[in-house]
$ cat start.cif   # mmCIF, C-alpha atoms
data_work
loop_
_atom_site.label_atom_id
_atom_site.label_comp_id
_atom_site.auth_asym_id
_atom_site.auth_seq_id
_atom_site.Cartn_x
_atom_site.Cartn_y
_atom_site.Cartn_z
CA MET A 1 -5.42 -3.51 -20.95
CA THR A 2 -2.90 -5.75 -22.59
CA GLN A 3 -1.80 -7.34 -19.30
CA ASN A 4 -4.20 -8.87 -16.82
CA ARG A 5 -2.38 -11.50 -14.75
CA ILE A 6 -5.10 -11.52 -12.11
CA ALA A 7 -8.65 -10.27 -11.80
CA MET A 8 -10.25 -10.20 -8.39
CA THR A 9 -12.83 -8.30 -6.39
CA PHE A 10 -13.17 -8.29 -2.63
CA GLN A 11 -16.77 -8.15 -1.46
CA THR A 12 -17.35 -6.21 1.77
CA ASP A 13 -18.48 -9.30 3.70
CA ARG A 14 -15.33 -11.18 2.67
CA LEU A 15 -13.09 -8.30 3.80
CA GLU A 16 -14.95 -8.18 7.11
CA ARG A 17 -14.40 -11.93 7.62
CA ILE A 18 -10.70 -11.59 6.74
CA ASP A 19 -10.28 -8.66 9.13
CA GLY A 20 -12.13 -10.58 11.86
CA SER A 21 -9.92 -13.61 11.29
CA LEU A 22 -6.79 -11.47 11.44
CA THR A 23 -7.99 -9.84 14.66
CA ALA A 24 -8.64 -13.27 16.19
CA LEU A 25 -5.27 -14.53 14.98
CA GLU A 26 -3.48 -11.51 16.45
CA ALA A 27 -5.27 -12.09 19.76
CA ASP A 28 -4.44 -15.81 19.79
CA LEU A 29 -0.80 -15.10 18.92
CA ASP A 30 -0.32 -12.45 21.60
CA LEU A 31 2.50 -14.60 23.04
CA LEU A 32 4.71 -13.87 20.03
CA ILE A 33 7.61 -11.49 20.50
CA ALA A 34 9.38 -9.01 18.25
CA LEU A 35 13.18 -8.96 18.18
CA THR A 36 15.35 -6.05 17.21
CA GLN A 37 17.72 -6.50 14.29
CA GLU A 38 20.60 -6.58 16.76
CA GLU A 39 18.90 -9.34 18.79
CA ARG A 40 18.32 -11.36 15.61
CA VAL A 41 22.02 -11.20 14.81
CA GLU A 42 23.16 -12.05 18.33
CA LEU A 43 20.89 -15.06 18.95
CA VAL A 44 22.31 -18.57 18.78
CA LYS A 45 20.64 -20.11 15.72
CA MET A 46 18.97 -23.51 15.58
CA GLY A 47 18.91 -24.67 11.99
CA ASP A 48 17.36 -27.78 10.51
CA LYS A 49 20.54 -29.81 11.09
CA SER A 50 20.49 -28.86 14.79
CA ARG A 51 16.97 -30.12 15.42
CA ALA A 52 18.04 -33.72 16.17
CA PHE A 53 20.89 -32.43 18.36
CA CYS A 54 18.45 -30.34 20.42
CA GLU A 55 15.95 -33.18 20.76
CA LYS A 56 18.69 -35.53 21.95
CA ALA A 57 20.02 -32.90 24.37
CA LEU A 58 16.55 -32.52 25.91
CA GLU A 59 16.23 -36.30 26.21
CA VAL A 60 19.65 -36.56 27.90
CA ALA A 61 18.92 -33.61 30.22
CA GLU A 62 15.67 -35.28 31.34
CA GLN A 63 17.36 -38.66 31.85
CA GLN A 64 20.40 -37.19 33.60
CA ALA A 65 18.72 -34.40 35.57
CA GLY A 66 21.07 -35.05 38.52
CA LEU A 67 24.10 -34.08 36.40
CA MET A 68 22.63 -30.76 35.34
CA PRO A 69 23.45 -27.60 37.30
CA ARG A 70 20.78 -26.53 39.80
CA ASP A 71 20.00 -23.37 37.84
CA PHE A 72 19.40 -25.31 34.59
CA ASP A 73 15.64 -25.23 34.02
CA ILE A 74 14.74 -28.52 32.31
CA ASP A 75 11.04 -27.63 32.43
CA ALA A 76 11.68 -24.39 30.52
CA PHE A 77 13.81 -26.34 28.00
CA ARG A 78 10.96 -28.84 27.50
CA GLN A 79 8.34 -26.08 27.32
CA ASP A 80 10.33 -24.18 24.66
CA HIS A 81 10.80 -27.40 22.69
CA LEU A 82 7.07 -28.21 22.77
CA ALA A 83 6.14 -24.62 21.87
CA LEU A 84 8.48 -24.70 18.87
CA GLN A 85 6.99 -28.01 17.73
CA ALA A 86 3.52 -26.45 17.94
CA LEU A 87 4.56 -23.21 16.22
CA ARG A 88 6.50 -24.59 13.24
CA PRO A 89 3.66 -26.15 11.20
CA ARG A 90 1.57 -23.02 11.69
CA LEU A 91 4.50 -20.83 10.70
CA SER A 92 4.89 -22.89 7.54
CA ARG A 93 1.22 -22.40 6.66
CA MET A 94 1.42 -18.67 7.36
CA ALA A 95 4.60 -18.35 5.28
CA HIS A 96 2.88 -20.08 2.35
CA LEU A 97 -0.15 -17.80 2.69
CA MET A 98 2.09 -14.74 3.01
CA GLN A 99 3.98 -15.72 -0.15
CA ARG A 100 0.69 -16.06 -2.04
CA MET A 101 -0.44 -12.66 -0.75
CA GLU A 102 2.84 -11.06 -1.83
CA ASP A 103 2.64 -12.73 -5.26
CA THR A 104 -0.93 -11.49 -5.65
CA GLU A 105 0.06 -7.98 -4.58
CA ARG A 106 2.93 -8.06 -7.08
CA ALA A 107 0.66 -9.28 -9.91
CA LEU A 108 -2.00 -6.67 -9.14
CA GLY A 109 0.63 -3.93 -8.99
CA SER A 110 2.09 -5.11 -12.27
CA ASP A 111 -1.33 -5.11 -13.95
CA ILE A 112 -1.99 -1.59 -12.66
CA MET A 113 1.45 -0.32 -13.71
CA ALA A 114 1.11 -1.87 -17.18
CA ALA A 115 -2.32 -0.26 -17.62
CA ALA A 116 -1.01 3.11 -16.40
CA LEU A 117 1.90 2.92 -18.86
CA GLU A 118 -0.59 2.13 -21.62
CA VAL A 119 -2.64 5.21 -20.71
CA TYR A 120 0.49 7.35 -20.71
CA ALA A 121 1.62 5.96 -24.08
CA VAL A 122 -1.78 6.70 -25.61
CA LEU A 123 -1.72 10.26 -24.26
CA LYS A 124 1.78 10.80 -25.64
CA VAL A 125 0.79 9.62 -29.12
CA ALA A 126 -2.90 10.28 -29.60
CA GLY A 127 -3.47 12.98 -26.98
CA LYS A 128 -1.79 15.87 -28.72
CA ASP A 129 -4.16 18.80 -29.26
CA LYS A 130 -6.95 16.88 -27.46
CA GLY A 131 -6.90 18.96 -24.26
CA VAL A 132 -4.99 16.40 -22.21
CA ASP A 133 -1.59 18.12 -22.14
CA ASP A 134 -1.83 18.83 -18.40
CA ALA A 135 -2.68 15.20 -17.66
CA ARG A 136 0.15 14.01 -19.92
CA ARG A 137 2.63 16.33 -18.16
CA GLU A 138 1.42 15.15 -14.77
CA LEU A 139 1.91 11.52 -15.78
CA ALA A 140 5.29 12.40 -17.32
CA SER A 141 6.46 13.66 -13.92
CA ARG A 142 6.76 10.00 -12.86
CA PHE A 143 9.74 9.70 -15.21
CA SER A 144 11.31 13.03 -14.27
CA ARG A 145 14.90 12.82 -13.09
CA ARG A 146 14.91 16.34 -11.63
CA ARG A 147 15.76 16.76 -7.99
CA SER A 148 13.37 18.51 -5.65
CA THR A 149 14.16 21.93 -4.18
CA ASP A 150 15.79 20.36 -1.11
CA GLY A 151 18.14 18.27 -3.28
CA SER A 152 16.51 14.93 -2.57
CA PRO A 153 15.69 12.61 -5.48
CA PRO A 154 12.07 12.50 -6.64
CA PRO A 155 9.91 9.84 -4.96
CA ARG A 156 9.71 6.47 -6.70
CA ILE A 157 6.27 5.50 -7.84
#

$ encode --input "start.cif" --output "structure tokens"
Amino acid sequence: MTQNRIAMTFQTDRLERIDGSLTALEADLDLLIALTQEERVELVKMGDKSRAFCEKALEVAEQQAGLMPRDFDIDAFRQDHLALQALRPRLSRMAHLMQRMEDTERALGSDIMAAALEVYAVLKVAGKDKGVDDARRELASRFSRRRSTDGSPPPRI
């Protein structure tokens, strides 16, 4: 192989530990919710610049509780604020780990694709009359631009 950006092997015990950790993490994060795309669009956003505004608003609401409407739940406001403060550093760590996992997946896929292209190139050049025509044709189908019988484009590999 001419490209080998990453070389790794997962031992069975390591995969079992990872899966166990993920199961425990999923159980501990059972409070998390999933929004629909429509809900994501409709929600009022709190960006980085709004953080100080929200903290000050909570402080004012607590100090001026008598001014707030009766149905305004200061405790829920405080609870959401504390939960977000607890969640953010963990989200940052998970995002960093997720990015590394995606980069590793991309590098492994690239190594595999580069090796597969090398195999195909060798078969195209050196495989003639060596009994590998069927294998070469099968690999060549990856680059076929023909449409399937139902008119849909061929699957991307």

$ resolve_selection --input "start.cif" --expression "the PyMOL selection byres ((chain A and resi 77-89) around 10)" --output "ChimeraX atom specification"
/A:51,54-55,57-59,61-62,72-76,90-95

$ resolve_selection --input "start.cif" --expression "the PyMOL selection byres ((chain A and resi 111-120) around 7)" --output "list in words"
Met1, Gln3, Asn4, Arg5, Ala107, Leu108, Gly109, Ser110, Ala121, Val122, Leu123, Lys124, Arg136 and Leu139 of chain A

$ atom_distance --input "start.cif" --atom1 "CA of Ile18 (chain A)" --atom2 "CA of Gln37 (chain A)"
29.8 Å

$ atom_distance --input "start.cif" --atom1 "CA of Val125 (chain A)" --atom2 "CA of Ala140 (chain A)"
12.9 Å

$ atom_distance --input "start.cif" --atom1 "CA of Ala65 (chain A)" --atom2 "CA of Ser50 (chain A)"
21.6 Å
